[in-house]
$ cat work_4.pdb   # PDB, C-alpha atoms
ATOM      1  CA  MET A   1      28.189  15.629 -28.040
ATOM      2  CA  GLU A   2      26.071  18.375 -29.607
ATOM      3  CA  VAL A   3      22.520  17.424 -30.577
ATOM      4  CA  THR A   4      23.179  18.439 -34.197
ATOM      5  CA  LYS A   5      26.072  15.964 -34.415
ATOM      6  CA  ILE A   6      24.036  13.200 -32.818
ATOM      7  CA  LYS A   7      21.188  14.009 -35.223
ATOM      8  CA  LEU A   8      23.490  13.605 -38.230
ATOM      9  CA  LEU A   9      24.588  10.153 -37.006
ATOM     10  CA  ARG A  10      20.990   9.125 -36.334
ATOM     11  CA  VAL A  11      19.978  10.192 -39.850
ATOM     12  CA  LEU A  12      22.800   8.024 -41.206
ATOM     13  CA  ASP A  13      21.652   5.029 -39.138
ATOM     14  CA  ILE A  14      18.084   5.481 -40.366
ATOM     15  CA  LEU A  15      19.191   5.658 -43.993
ATOM     16  CA  LYS A  16      21.312   2.530 -43.607
ATOM     17  CA  ASP A  17      18.076   0.586 -43.109
ATOM     18  CA  THR A  18      16.814   1.663 -46.545
ATOM     19  CA  ASP A  19      17.320   0.319 -50.047
ATOM     20  CA  GLU A  20      15.897   0.937 -53.503
ATOM     21  CA  ASP A  21      12.735  -1.001 -52.688
ATOM     22  CA  HIS A  22      12.338   0.552 -49.246
ATOM     23  CA  PRO A  23      13.013   4.323 -49.403
ATOM     24  CA  ILE A  24      12.147   6.753 -46.630
ATOM     25  CA  THR A  25      10.734  10.263 -46.814
ATOM     26  CA  THR A  26      12.064  13.288 -44.954
ATOM     27  CA  ASN A  27       8.923  13.340 -42.810
ATOM     28  CA  GLN A  28       9.417   9.675 -41.903
ATOM     29  CA  ILE A  29      13.006  10.417 -40.891
ATOM     30  CA  ILE A  30      11.724  13.239 -38.675
ATOM     31  CA  GLU A  31       9.266  10.833 -37.021
ATOM     32  CA  GLN A  32      12.005   8.261 -36.371
ATOM     33  CA  LEU A  33      14.273  10.948 -34.902
ATOM     34  CA  LYS A  34      11.539  11.713 -32.366
ATOM     35  CA  LEU A  35      11.910   8.142 -31.061
ATOM     36  CA  TYR A  36      15.428   9.132 -30.021
ATOM     37  CA  GLY A  37      14.227  12.359 -28.426
ATOM     38  CA  ILE A  38      15.469  14.511 -31.290
ATOM     39  CA  CYS A  39      13.294  17.219 -32.831
ATOM     40  CA  ALA A  40      14.255  18.374 -36.313
ATOM     41  CA  GLU A  41      12.869  20.447 -39.167
ATOM     42  CA  ARG A  42      12.719  19.308 -42.796
ATOM     43  CA  LYS A  43      15.448  21.697 -43.919
ATOM     44  CA  ALA A  44      17.781  20.498 -41.136
ATOM     45  CA  VAL A  45      17.294  16.848 -42.138
ATOM     46  CA  GLN A  46      17.845  17.689 -45.793
ATOM     47  CA  ARG A  47      21.070  19.501 -44.866
ATOM     48  CA  ASP A  48      22.207  16.367 -43.024
ATOM     49  CA  ILE A  49      21.482  14.210 -46.061
ATOM     50  CA  ALA A  50      23.372  16.640 -48.299
ATOM     51  CA  ALA A  51      26.349  16.530 -45.893
ATOM     52  CA  LEU A  52      26.378  12.717 -45.959
ATOM     53  CA  ILE A  53      26.276  12.745 -49.770
ATOM     54  CA  ASP A  54      29.158  15.249 -49.854
ATOM     55  CA  TYR A  55      31.099  12.955 -47.526
ATOM     56  CA  GLY A  56      30.724  10.087 -49.991
ATOM     57  CA  TYR A  57      27.628   8.099 -49.049
ATOM     58  CA  ASP A  58      25.641   6.957 -52.093
ATOM     59  CA  ILE A  59      22.263   8.316 -50.981
ATOM     60  CA  VAL A  60      19.747   8.782 -53.781
ATOM     61  CA  LEU A  61      16.387  10.534 -54.058
ATOM     62  CA  CYS A  62      13.762   8.443 -55.845
ATOM     63  CA  GLU A  63      12.648   9.662 -59.273
ATOM     64  CA  ASP A  64       9.278  10.107 -57.665
ATOM     65  CA  ASN A  65      10.636  12.276 -54.862
ATOM     66  CA  LYS A  66       7.477  11.674 -52.833
ATOM     67  CA  LYS A  67       8.837   8.175 -52.107
ATOM     68  CA  GLY A  68      11.921   9.588 -50.457
ATOM     69  CA  TRP A  69      15.576   8.681 -50.055
ATOM     70  CA  PHE A  70      17.491   5.401 -50.011
ATOM     71  CA  MET A  71      21.032   4.081 -49.647
ATOM     72  CA  ALA A  72      21.921   3.073 -53.217
ATOM     73  CA  SER A  73      25.137   1.174 -52.566
ATOM     74  CA  ARG A  74      26.953  -0.383 -49.623
ATOM     75  CA  LEU A  75      30.282  -1.848 -48.690
ATOM     76  CA  PHE A  76      28.824  -5.344 -49.278
ATOM     77  CA  GLU A  77      26.101  -6.511 -51.632
ATOM     78  CA  ASP A  78      23.411  -8.881 -50.366
ATOM     79  CA  TRP A  79      24.974 -11.967 -51.966
ATOM     80  CA  GLU A  80      28.354 -11.115 -50.444
ATOM     81  CA  LEU A  81      26.795 -10.896 -46.991
ATOM     82  CA  LYS A  82      25.150 -14.281 -47.556
ATOM     83  CA  VAL A  83      28.542 -15.834 -48.363
ATOM     84  CA  LEU A  84      30.126 -14.265 -45.255
ATOM     85  CA  LEU A  85      27.195 -15.433 -43.144
ATOM     86  CA  ASP A  86      27.481 -19.033 -44.343
ATOM     87  CA  ALA A  87      31.238 -19.042 -43.752
ATOM     88  CA  ALA A  88      30.725 -17.794 -40.204
ATOM     89  CA  ILE A  89      28.098 -20.445 -39.489
ATOM     90  CA  GLU A  90      30.381 -23.219 -40.769
ATOM     91  CA  ALA A  91      33.350 -22.079 -38.672
ATOM     92  CA  TYR A  92      33.814 -25.112 -36.403
ATOM     93  CA  PHE A  93      35.536 -23.197 -33.608
ATOM     94  CA  PHE A  94      32.663 -20.763 -32.932
ATOM     95  CA  THR A  95      30.567 -21.413 -29.856
ATOM     96  CA  ALA A  96      26.816 -20.840 -30.169
ATOM     97  CA  ALA A  97      27.237 -17.402 -28.570
ATOM     98  CA  ASP A  98      30.114 -16.532 -30.921
ATOM     99  CA  SER A  99      28.130 -17.638 -33.948
ATOM    100  CA  HIS A 100      25.044 -15.602 -33.034
ATOM    101  CA  LYS A 101      27.117 -12.502 -32.269
ATOM    102  CA  PHE A 102      29.212 -12.738 -35.426
ATOM    103  CA  THR A 103      26.317 -13.458 -37.782
ATOM    104  CA  GLU A 104      24.353 -10.518 -36.347
ATOM    105  CA  LYS A 105      27.304  -8.228 -37.067
ATOM    106  CA  ILE A 106      27.405  -9.457 -40.658
ATOM    107  CA  ALA A 107      23.655  -9.104 -41.160
ATOM    108  CA  ASN A 108      23.718  -5.555 -39.762
ATOM    109  CA  LEU A 109      25.921  -4.501 -42.670
ATOM    110  CA  GLY A 110      22.844  -4.772 -44.896
ATOM    111  CA  SER A 111      19.545  -2.911 -45.007
ATOM    112  CA  LYS A 112      16.643  -3.769 -42.712
ATOM    113  CA  ASP A 113      15.012  -5.782 -45.498
ATOM    114  CA  CYS A 114      18.322  -7.543 -46.241
ATOM    115  CA  ARG A 115      18.677  -8.572 -42.576
ATOM    116  CA  HIS A 116      15.194 -10.072 -42.611
ATOM    117  CA  MET A 117      15.924 -11.904 -45.868
ATOM    118  CA  LEU A 118      19.260 -13.281 -44.638
ATOM    119  CA  ARG A 119      17.681 -14.676 -41.474
ATOM    120  CA  GLN A 120      14.915 -16.231 -43.561
ATOM    121  CA  VAL A 121      17.206 -17.970 -46.071
ATOM    122  CA  THR A 122      19.753 -19.104 -43.460
ATOM    123  CA  PRO A 123      17.690 -21.167 -40.974
ATOM    124  CA  ILE A 124      20.691 -22.803 -39.290
ATOM    125  CA  GLU A 125      20.480 -23.577 -35.590
ATOM    126  CA  THR A 126      23.825 -23.436 -33.796
ATOM    127  CA  ASP A 127      22.707 -23.558 -30.154
ATOM    128  CA  LEU A 128      24.020 -27.110 -29.655
ATOM    129  CA  ARG A 129      27.556 -26.446 -30.886
ATOM    130  CA  LYS A 130      30.318 -26.323 -28.275
ATOM    131  CA  GLY A 131      33.020 -24.760 -30.424
ATOM    132  CA  ILE A 132      36.674 -24.209 -29.574
ATOM    133  CA  PRO A 133      36.828 -20.722 -28.017
ATOM    134  CA  MET A 134      40.623 -20.609 -27.842
ATOM    135  CA  THR A 135      40.912 -20.711 -31.642
ATOM    136  CA  LYS A 136      39.606 -17.161 -32.089
ATOM    137  CA  ASN A 137      42.024 -15.981 -29.393
ATOM    138  CA  TYR A 138      44.899 -17.752 -31.141
ATOM    139  CA  ILE A 139      43.986 -16.113 -34.454
ATOM    140  CA  ASP A 140      44.087 -12.717 -32.753
ATOM    141  CA  THR A 141      47.424 -13.466 -31.079
ATOM    142  CA  ILE A 142      49.001 -14.680 -34.337
ATOM    143  CA  LEU A 143      47.820 -11.617 -36.247
ATOM    144  CA  LYS A 144      49.282  -9.346 -33.575
ATOM    145  CA  ALA A 145      52.584 -11.248 -33.640
ATOM    146  CA  ILE A 146      52.759 -10.910 -37.434
ATOM    147  CA  ARG A 147      52.058  -7.183 -37.138
ATOM    148  CA  HIS A 148      54.730  -6.817 -34.421
ATOM    149  CA  LYS A 149      57.174  -9.107 -36.319
ATOM    150  CA  ASN A 150      57.591 -11.332 -33.268
ATOM    151  CA  ASN A 151      57.882 -15.097 -32.837
ATOM    152  CA  ILE A 152      55.103 -17.130 -31.245
ATOM    153  CA  GLY A 153      55.389 -20.135 -28.962
ATOM    154  CA  PHE A 154      52.999 -23.031 -28.355
ATOM    155  CA  ASN A 155      52.711 -26.680 -27.440
ATOM    156  CA  TYR A 156      51.348 -29.055 -30.063
ATOM    157  CA  CYS A 157      48.998 -31.974 -29.465
ATOM    158  CA  THR A 158      48.002 -35.247 -31.023
ATOM    159  CA  VAL A 159      45.403 -37.760 -29.780
ATOM    160  CA  ASN A 160      46.616 -40.959 -28.083
ATOM    161  CA  ASP A 161      44.974 -44.379 -27.955
ATOM    162  CA  ASP A 162      42.988 -43.337 -24.892
ATOM    163  CA  LEU A 163      41.430 -40.602 -27.073
ATOM    164  CA  GLN A 164      43.141 -37.959 -24.954
ATOM    165  CA  ASP A 165      45.316 -35.030 -26.009
ATOM    166  CA  GLU A 166      49.013 -35.779 -25.847
ATOM    167  CA  PHE A 167      51.838 -33.285 -26.399
ATOM    168  CA  THR A 168      54.215 -33.978 -29.258
ATOM    169  CA  HIS A 169      58.015 -33.622 -28.979
ATOM    170  CA  ASN A 170      57.820 -34.551 -25.275
ATOM    171  CA  GLY A 171      55.982 -31.333 -24.568
ATOM    172  CA  GLU A 172      58.800 -29.162 -25.879
ATOM    173  CA  PRO A 173      57.282 -25.872 -27.082
ATOM    174  CA  PHE A 174      57.535 -24.831 -30.709
ATOM    175  CA  LYS A 175      58.985 -21.437 -31.604
ATOM    176  CA  ILE A 176      57.668 -20.208 -34.916
ATOM    177  CA  SER A 177      58.058 -17.096 -37.039
ATOM    178  CA  PRO A 178      54.448 -16.709 -38.286
ATOM    179  CA  TYR A 179      53.885 -15.864 -41.948
ATOM    180  CA  ALA A 180      50.299 -16.767 -42.888
ATOM    181  CA  LEU A 181      46.980 -18.136 -41.617
ATOM    182  CA  ILE A 182      45.250 -20.456 -44.082
ATOM    183  CA  TRP A 183      41.662 -21.760 -43.962
ATOM    184  CA  ARG A 184      41.727 -25.133 -45.686
ATOM    185  CA  ARG A 185      39.610 -28.288 -45.436
ATOM    186  CA  ASP A 186      37.543 -26.837 -42.543
ATOM    187  CA  HIS A 187      40.577 -25.988 -40.412
ATOM    188  CA  TYR A 188      42.870 -23.036 -39.817
ATOM    189  CA  TYR A 189      46.565 -23.630 -40.404
ATOM    190  CA  LEU A 190      49.497 -21.497 -39.371
ATOM    191  CA  VAL A 191      52.334 -21.309 -41.909
ATOM    192  CA  GLY A 192      55.681 -20.298 -40.511
ATOM    193  CA  ARG A 193      59.371 -20.916 -40.007
ATOM    194  CA  ASN A 194      60.322 -23.419 -37.323
ATOM    195  CA  LYS A 195      63.221 -21.875 -35.406
ATOM    196  CA  LYS A 196      64.724 -25.240 -34.425
ATOM    197  CA  TYR A 197      64.852 -26.715 -37.932
ATOM    198  CA  ASN A 198      65.018 -23.467 -39.920
ATOM    199  CA  GLY A 199      62.292 -24.732 -42.269
ATOM    200  CA  ILE A 200      58.698 -23.922 -43.217
ATOM    201  CA  SER A 201      55.904 -25.994 -41.670
ATOM    202  CA  TYR A 202      52.130 -26.133 -41.206
ATOM    203  CA  TYR A 203      50.397 -26.287 -37.828
ATOM    204  CA  ARG A 204      46.682 -26.740 -37.154
ATOM    205  CA  LEU A 205      45.343 -24.161 -34.727
ATOM    206  CA  ASP A 206      42.973 -26.580 -32.981
ATOM    207  CA  ARG A 207      45.971 -28.743 -32.036
ATOM    208  CA  MET A 208      47.842 -25.867 -30.412
ATOM    209  CA  ARG A 209      47.928 -25.251 -26.681
ATOM    210  CA  CYS A 210      49.229 -22.322 -24.596
ATOM    211  CA  LEU A 211      49.955 -20.180 -27.644
ATOM    212  CA  LYS A 212      51.479 -16.775 -26.911
ATOM    213  CA  GLU A 213      53.395 -13.995 -28.610
ATOM    214  CA  LEU A 214      57.058 -14.061 -27.597
ATOM    215  CA  ASP A 215      59.193 -11.054 -26.830
ATOM    216  CA  GLU A 216      61.714 -11.960 -29.521
ATOM    217  CA  PRO A 217      61.935 -10.826 -33.151
ATOM    218  CA  ALA A 218      60.783 -13.189 -35.871
ATOM    219  CA  VAL A 219      62.665 -14.010 -39.033
ATOM    220  CA  THR A 220      60.418 -12.279 -41.564
ATOM    221  CA  ALA A 221      59.261 -13.959 -44.767
ATOM    222  CA  GLU A 222      61.442 -11.527 -46.722
ATOM    223  CA  GLU A 223      64.486 -12.510 -44.670
ATOM    224  CA  PHE A 224      63.792 -16.233 -45.027
ATOM    225  CA  PHE A 225      62.704 -16.477 -48.668
ATOM    226  CA  GLY A 226      64.602 -13.530 -50.069
ATOM    227  CA  PRO A 227      63.278 -11.731 -53.171
ATOM    228  CA  ASN A 228      59.617 -12.314 -54.134
ATOM    229  CA  ALA A 229      58.825 -13.709 -50.692
ATOM    230  CA  ASP A 230      55.060 -13.425 -51.230
ATOM    231  CA  LEU A 231      55.205 -15.460 -54.441
ATOM    232  CA  GLN A 232      57.426 -18.127 -52.902
ATOM    233  CA  LEU A 233      55.165 -18.445 -49.874
ATOM    234  CA  LYS A 234      52.101 -18.730 -52.120
ATOM    235  CA  GLU A 235      53.810 -21.406 -54.225
ATOM    236  CA  TYR A 236      54.743 -23.351 -51.105
ATOM    237  CA  ILE A 237      51.144 -23.287 -49.864
ATOM    238  CA  ASN A 238      49.641 -24.225 -53.235
ATOM    239  CA  ASP A 239      52.067 -27.120 -53.698
ATOM    240  CA  ASN A 240      50.997 -28.865 -50.499
ATOM    241  CA  LEU A 241      47.725 -30.720 -51.000
ATOM    242  CA  TYR A 242      45.975 -31.424 -47.688
ATOM    243  CA  ASN A 243      48.856 -29.574 -46.016
ATOM    244  CA  PHE A 244      51.386 -32.393 -46.467
ATOM    245  CA  GLY A 245      54.672 -31.770 -48.259
ATOM    246  CA  GLY A 246      56.272 -33.947 -50.905
ATOM    247  CA  ASP A 247      57.979 -34.097 -54.293
ATOM    248  CA  LYS A 248      56.363 -32.543 -57.329
ATOM    249  CA  ILE A 249      55.081 -35.086 -59.859
ATOM    250  CA  TYR A 250      53.070 -35.179 -63.072
ATOM    251  CA  LEU A 251      50.062 -37.276 -62.112
ATOM    252  CA  LYS A 252      48.000 -39.261 -64.613
ATOM    253  CA  LEU A 253      44.498 -40.245 -63.567
ATOM    254  CA  LYS A 254      41.809 -42.422 -65.075
ATOM    255  CA  VAL A 255      38.311 -41.202 -64.179
ATOM    256  CA  ASN A 256      34.990 -42.973 -64.717
ATOM    257  CA  SER A 257      32.849 -41.370 -67.392
ATOM    258  CA  GLY A 258      30.440 -38.830 -65.938
ATOM    259  CA  ARG A 259      32.465 -38.257 -62.745
ATOM    260  CA  ALA A 260      34.982 -35.621 -63.854
ATOM    261  CA  GLU A 261      33.598 -33.143 -61.325
ATOM    262  CA  VAL A 262      35.462 -34.887 -58.487
ATOM    263  CA  LEU A 263      38.733 -33.647 -59.969
ATOM    264  CA  PHE A 264      37.770 -30.045 -59.322
ATOM    265  CA  ASP A 265      37.343 -30.699 -55.597
ATOM    266  CA  TYR A 266      41.129 -30.697 -55.170
ATOM    267  CA  PHE A 267      42.821 -29.625 -58.383
ATOM    268  CA  PRO A 268      42.495 -26.214 -60.054
ATOM    269  CA  ARG A 269      40.398 -26.551 -63.197
ATOM    270  CA  GLU A 270      42.979 -24.720 -65.311
ATOM    271  CA  ASP A 271      45.750 -27.169 -64.286
ATOM    272  CA  ILE A 272      43.957 -30.305 -65.500
ATOM    273  CA  MET A 273      44.688 -31.480 -69.044
ATOM    274  CA  LEU A 274      42.461 -33.965 -70.872
ATOM    275  CA  LEU A 275      44.760 -36.600 -72.412
ATOM    276  CA  SER A 276      42.277 -39.092 -73.833
ATOM    277  CA  LYS A 277      38.635 -40.125 -73.711
ATOM    278  CA  ASP A 278      36.629 -43.270 -74.441
ATOM    279  CA  GLU A 279      33.136 -44.551 -73.730
ATOM    280  CA  ASP A 280      33.871 -45.611 -70.137
ATOM    281  CA  SER A 281      36.469 -43.160 -68.883
ATOM    282  CA  ILE A 282      38.699 -40.156 -69.422
ATOM    283  CA  THR A 283      42.435 -39.844 -68.770
ATOM    284  CA  VAL A 284      43.832 -36.573 -67.446
ATOM    285  CA  GLY A 285      47.199 -35.193 -66.406
ATOM    286  CA  VAL A 286      47.879 -32.678 -63.646
ATOM    287  CA  ASP A 287      50.847 -31.354 -61.675
ATOM    288  CA  ALA A 288      50.604 -32.574 -58.085
ATOM    289  CA  VAL A 289      52.621 -33.349 -54.958
ATOM    290  CA  ASP A 290      53.479 -36.916 -53.940
ATOM    291  CA  SER A 291      52.045 -36.555 -50.447
ATOM    292  CA  GLU A 292      49.912 -38.404 -47.948
ATOM    293  CA  GLY A 293      47.120 -36.004 -48.793
ATOM    294  CA  LEU A 294      47.148 -37.206 -52.390
ATOM    295  CA  TYR A 295      46.665 -40.828 -51.282
ATOM    296  CA  PHE A 296      43.847 -39.836 -48.904
ATOM    297  CA  TRP A 297      42.107 -38.246 -51.849
ATOM    298  CA  LEU A 298      42.706 -41.251 -54.133
ATOM    299  CA  LEU A 299      41.348 -43.602 -51.484
ATOM    300  CA  GLN A 300      38.292 -41.397 -51.002
ATOM    301  CA  TYR A 301      37.411 -41.664 -54.698
ATOM    302  CA  GLY A 302      38.810 -45.140 -55.240
ATOM    303  CA  GLU A 303      35.725 -46.415 -57.085
ATOM    304  CA  THR A 304      35.797 -43.440 -59.431
ATOM    305  CA  VAL A 305      39.437 -42.395 -59.874
ATOM    306  CA  SER A 306      42.596 -44.468 -60.281
ATOM    307  CA  ALA A 307      46.197 -43.340 -60.640
ATOM    308  CA  ILE A 308      47.952 -44.737 -63.711
ATOM    309  CA  GLY A 309      51.190 -42.794 -63.407
ATOM    310  CA  PRO A 310      53.837 -42.177 -62.332
ATOM    311  CA  LYS A 311      54.875 -45.683 -61.312
ATOM    312  CA  GLN A 312      55.855 -44.657 -57.779
ATOM    313  CA  VAL A 313      52.308 -43.456 -57.069
ATOM    314  CA  VAL A 314      50.742 -46.594 -58.536
ATOM    315  CA  GLU A 315      52.973 -48.845 -56.422
ATOM    316  CA  LYS A 316      52.309 -46.860 -53.241
ATOM    317  CA  MET A 317      48.571 -47.085 -53.851
ATOM    318  CA  LYS A 318      48.772 -50.838 -54.388
ATOM    319  CA  GLY A 319      50.633 -51.160 -51.083
ATOM    320  CA  LYS A 320      48.089 -49.049 -49.216
ATOM    321  CA  LEU A 321      45.154 -50.966 -50.709
ATOM    322  CA  LYS A 322      46.787 -54.272 -49.788
ATOM    323  CA  THR A 323      47.279 -53.082 -46.217
ATOM    324  CA  ILE A 324      43.673 -51.902 -45.993
ATOM    325  CA  ALA A 325      42.324 -55.139 -47.472
ATOM    326  CA  GLY A 326      44.281 -57.080 -44.844
ATOM    327  CA  LYS A 327      42.324 -55.333 -42.108
ATOM    328  CA  TYR A 328      38.969 -56.639 -43.364
TER
END

$ encode --input "work_4.pdb" --output "structure tokens"
Amino acid sequence: MEVTKIKLLRVLDILKDTDEDHPITTNQIIEQLKLYGICAERKAVQRDIAALIDYGYDIVLCEDNKKGWFMASRLFEDWELKVLLDAAIEAYFFTAADSHKFTEKIANLGSKDCRHMLRQVTPIETDLRKGIPMTKNYIDTILKAIRHKNNIGFNYCTVNDDLQDEFTHNGEPFKISPYALIWRRDHYYLVGRNKKYNGISYYRLDRMRCLKELDEPAVTAEEFFGPNADLQLKEYINDNLYNFGGDKIYLKLKVNSGRAEVLFDYFPREDIMLLSKDEDSITVGVDAVDSEGLYFWLLQYGETVSAIGPKQVVEKMKGKLKTIAGKY
């Protein structure tokens, strides 16, 4: 590659390390280029900067032009990079090596000062994590299958009483037309059509084994759902709390005074309606799904939240509480 082309790319890399508080002068750019064995004149560097601006980069000269140039805007703002960084660190399936590599890639999207700040405010040590390396490979395979409109196949596991993995369905592989990958409750879930039962199901990626893209066409979401497939798929996902299906119900809950925030952990704020309020509690109504996930949530907040309707939910909760009490 010609030196002039390499020089242009090096100038871009140098400017990417700048921000409004840390500009760089033309002479400083020339000095940094020398570190790469590139000699350049002021006018040549200024032409490179002008070319980058013409291409679309938001490179600005300080009002006091003696301070130099800086990259005024980027693909991601600092706070957005922080959110991405935290999400990457919390991803349970990353090994320590994966986590370090991925977080460095995210940090490098910011300026030099931003990278230093992100490392300073995110002092999380991940060296001890083991991770589940196959999960990232499965995500890649599923995305490719969706792009190619092919089915995928895999075995599915549960844990037996010896705390060992055990295949479900006698080890018979699942054949699924993949539609979506959902991150929910600290796990990735595949949403797709089960070929055997011709129905939509959820599958946790960390319970899959031997996943592969099959050389057979999938039934697309449009073919399965018909018109407005995206909306129907979204509704299906939103209607399944904790990824368990069930009948739609209008749920009435009694919540201890001062603890209303627990409702927003699992129900959209805009869906919750305040029905009544007294000194000790509030009563709310919300559309929900009569699912195992709902009862897990009610049990989790049993000292704070109680279901008061519909009757079927109240009776199921009484039965579950009686069973639990019998174990103690």

$ residues_around --input "work_4.pdb" --residues "range 46-49 of chain A" --least-positions-apart "4" --cutoff "12 Å" --atoms "all atoms listed in the file" --output "ChimeraX atom specification"
/A:4-16,24-27,29-30,40-42,53-61,68-71

$ closest_residue --input "work_4.pdb" --among "A:Glu235, A:Asn228, A:Glu303, A:Met273" --to "Val255 in chain A" --atoms "all atoms listed in the file"
A:Glu303

$ closest_residue --input "work_4.pdb" --among "A:Phe224, A:Tyr138, A:Phe76, A:Tyr250" --to "Arg209 in chain A" --atoms "only C-alpha atoms"
A:Tyr138

$ atom_distance --input "work_4.pdb" --atom1 "CA of Leu214 in chain A" --atom2 "CA of Ile176 in chain A"
9.6 Å

$ residues_around --input "work_4.pdb" --residues "Ala107 in chain A" --least-positions-apart "6" --cutoff "8 Å" --atoms "only C-alpha atoms" --output "list in words"
Leu81, Leu85, Cys114, Arg115 and Leu118 of chain A

$ resolve_selection --input "work_4.pdb" --expression "the PyMOL selection byres ((chain A and resi 313-323) around 10)" --output "short mmCIF file (atom, residue, chain, number, x, y, z; two decimals) with C-alpha atoms, keeping the file's coordinate frame"
data_model
loop_
_atom_site.label_atom_id
_atom_site.label_comp_id
_atom_site.auth_asym_id
_atom_site.auth_seq_id
_atom_site.Cartn_x
_atom_site.Cartn_y
_atom_site.Cartn_z
CA ILE A 249 55.08 -35.09 -59.86
CA LEU A 251 50.06 -37.28 -62.11
CA LYS A 252 48.00 -39.26 -64.61
CA ASP A 290 53.48 -36.92 -53.94
CA SER A 291 52.04 -36.56 -50.45
CA LEU A 294 47.15 -37.21 -52.39
CA TYR A 295 46.66 -40.83 -51.28
CA PHE A 296 43.85 -39.84 -48.90
CA LEU A 298 42.71 -41.25 -54.13
CA LEU A 299 41.35 -43.60 -51.48
CA GLY A 302 38.81 -45.14 -55.24
CA SER A 306 42.60 -44.47 -60.28
CA ALA A 307 46.20 -43.34 -60.64
CA ILE A 308 47.95 -44.74 -63.71
CA GLY A 309 51.19 -42.79 -63.41
CA PRO A 310 53.84 -42.18 -62.33
CA LYS A 311 54.88 -45.68 -61.31
CA GLN A 312 55.86 -44.66 -57.78
CA ILE A 324 43.67 -51.90 -45.99
CA ALA A 325 42.32 -55.14 -47.47
CA GLY A 326 44.28 -57.08 -44.84
CA LYS A 327 42.32 -55.33 -42.11
CA TYR A 328 38.97 -56.64 -43.36
#

$ atom_distance --input "work_4.pdb" --atom1 "CA of Trp297 in chain A" --atom2 "CA of Lys254 in chain A"
13.9 Å

$ resolve_selection --input "work_4.pdb" --expression "the PyMOL selection byres ((chain A and resi 89) around 9)" --output "PyMOL selection string"
chain A and resi 84-88+90-92+94+99-100+102-103+124+126

$ closest_residue --input "work_4.pdb" --among "A:Phe167, A:Met134, A:Asp17, A:Lys67" --to "Gly110 in chain A" --atoms "all atoms listed in the file"
A:Asp17

$ atom_distance --input "work_4.pdb" --atom1 "CA of Phe264 in chain A" --atom2 "CA of Ile182 in chain A"
19.5 Å

$ closest_residue --input "work_4.pdb" --among "A:Asp186, A:Arg207, A:Thr122, A:Glu20" --to "Val83 in chain A" --atoms "all atoms listed in the file"
A:Thr122

$ closest_residue --input "work_4.pdb" --among "A:His22, A:Lys175, A:Lys212, A:Arg259" --to "Asn198 in chain A" --atoms "all atoms listed in the file"
A:Lys175

$ resolve_selection --input "work_4.pdb" --expression "the PyMOL selection byres ((chain A and resi 268) around 12)" --output "PDB file with C-alpha atoms, keeping the file's coordinate frame"
ATOM      1  CA  ASN A 238      49.641 -24.225 -53.235  1.00  0.00           C
ATOM      2  CA  ASP A 239      52.067 -27.120 -53.698  1.00  0.00           C
ATOM      3  CA  LEU A 241      47.725 -30.720 -51.000  1.00  0.00           C
ATOM      4  CA  GLU A 261      33.598 -33.143 -61.325  1.00  0.00           C
ATOM      5  CA  VAL A 262      35.462 -34.887 -58.487  1.00  0.00           C
ATOM      6  CA  LEU A 263      38.733 -33.647 -59.969  1.00  0.00           C
ATOM      7  CA  PHE A 264      37.770 -30.045 -59.322  1.00  0.00           C
ATOM      8  CA  ASP A 265      37.343 -30.699 -55.597  1.00  0.00           C
ATOM      9  CA  TYR A 266      41.129 -30.697 -55.170  1.00  0.00           C
ATOM     10  CA  PHE A 267      42.821 -29.625 -58.383  1.00  0.00           C
ATOM     11  CA  ARG A 269      40.398 -26.551 -63.197  1.00  0.00           C
ATOM     12  CA  GLU A 270      42.979 -24.720 -65.311  1.00  0.00           C
ATOM     13  CA  ASP A 271      45.750 -27.169 -64.286  1.00  0.00           C
ATOM     14  CA  ILE A 272      43.957 -30.305 -65.500  1.00  0.00           C
ATOM     15  CA  MET A 273      44.688 -31.480 -69.044  1.00  0.00           C
ATOM     16  CA  GLY A 285      47.199 -35.193 -66.406  1.00  0.00           C
ATOM     17  CA  VAL A 286      47.879 -32.678 -63.646  1.00  0.00           C
ATOM     18  CA  ASP A 287      50.847 -31.354 -61.675  1.00  0.00           C
ATOM     19  CA  ALA A 288      50.604 -32.574 -58.085  1.00  0.00           C
TER      20      ALA A 288
END

$ residues_around --input "work_4.pdb" --residues "His187 in chain A" --least-positions-apart "3" --cutoff "8 Å" --atoms "only C-alpha atoms" --output "PyMOL selection string"
chain A and resi 92+183-184+204-206

$ write_last_selection --input "work_4.pdb" --atoms "C-alpha atoms" --output "compact mmCIF listing (two decimals), in the coordinates of the input"
# COMPACT_ATOMS: atom_id res chain seq x y z
CA TYR A 92 33.81 -25.11 -36.40
CA TRP A 183 41.66 -21.76 -43.96
CA ARG A 184 41.73 -25.13 -45.69
CA ARG A 204 46.68 -26.74 -37.15
CA LEU A 205 45.34 -24.16 -34.73
CA ASP A 206 42.97 -26.58 -32.98

$ axis_aligned_box --input "work_4.pdb" --around "range 185-204 of chain A" --padding-each-side "6 Å" --output "JSON"
{"center_x": 51.3, "center_y": -24.3, "center_z": -39.9, "size_x": 39.5, "size_y": 20.0, "size_z": 23.0}

$ decode --input "work_4.pdb" --residues "range 42-51 of chain A" --atoms "C-alpha atoms" --output "tab-separated table (two decimals), in the first residue's frame"
chain	number	residue	atom	x	y	z
A	42	ARG	CA	2.10	20.14	7.79
A	43	LYS	CA	0.23	20.75	4.54
A	44	ALA	CA	0.08	17.00	3.80
A	45	VAL	CA	-1.38	16.26	7.25
A	46	GLN	CA	-3.90	19.08	6.88
A	47	ARG	CA	-4.94	17.67	3.49
A	48	ASP	CA	-5.49	14.29	5.15
A	49	ILE	CA	-7.66	15.86	7.84
A	50	ALA	CA	-9.67	17.73	5.19
A	51	ALA	CA	-10.17	14.45	3.27
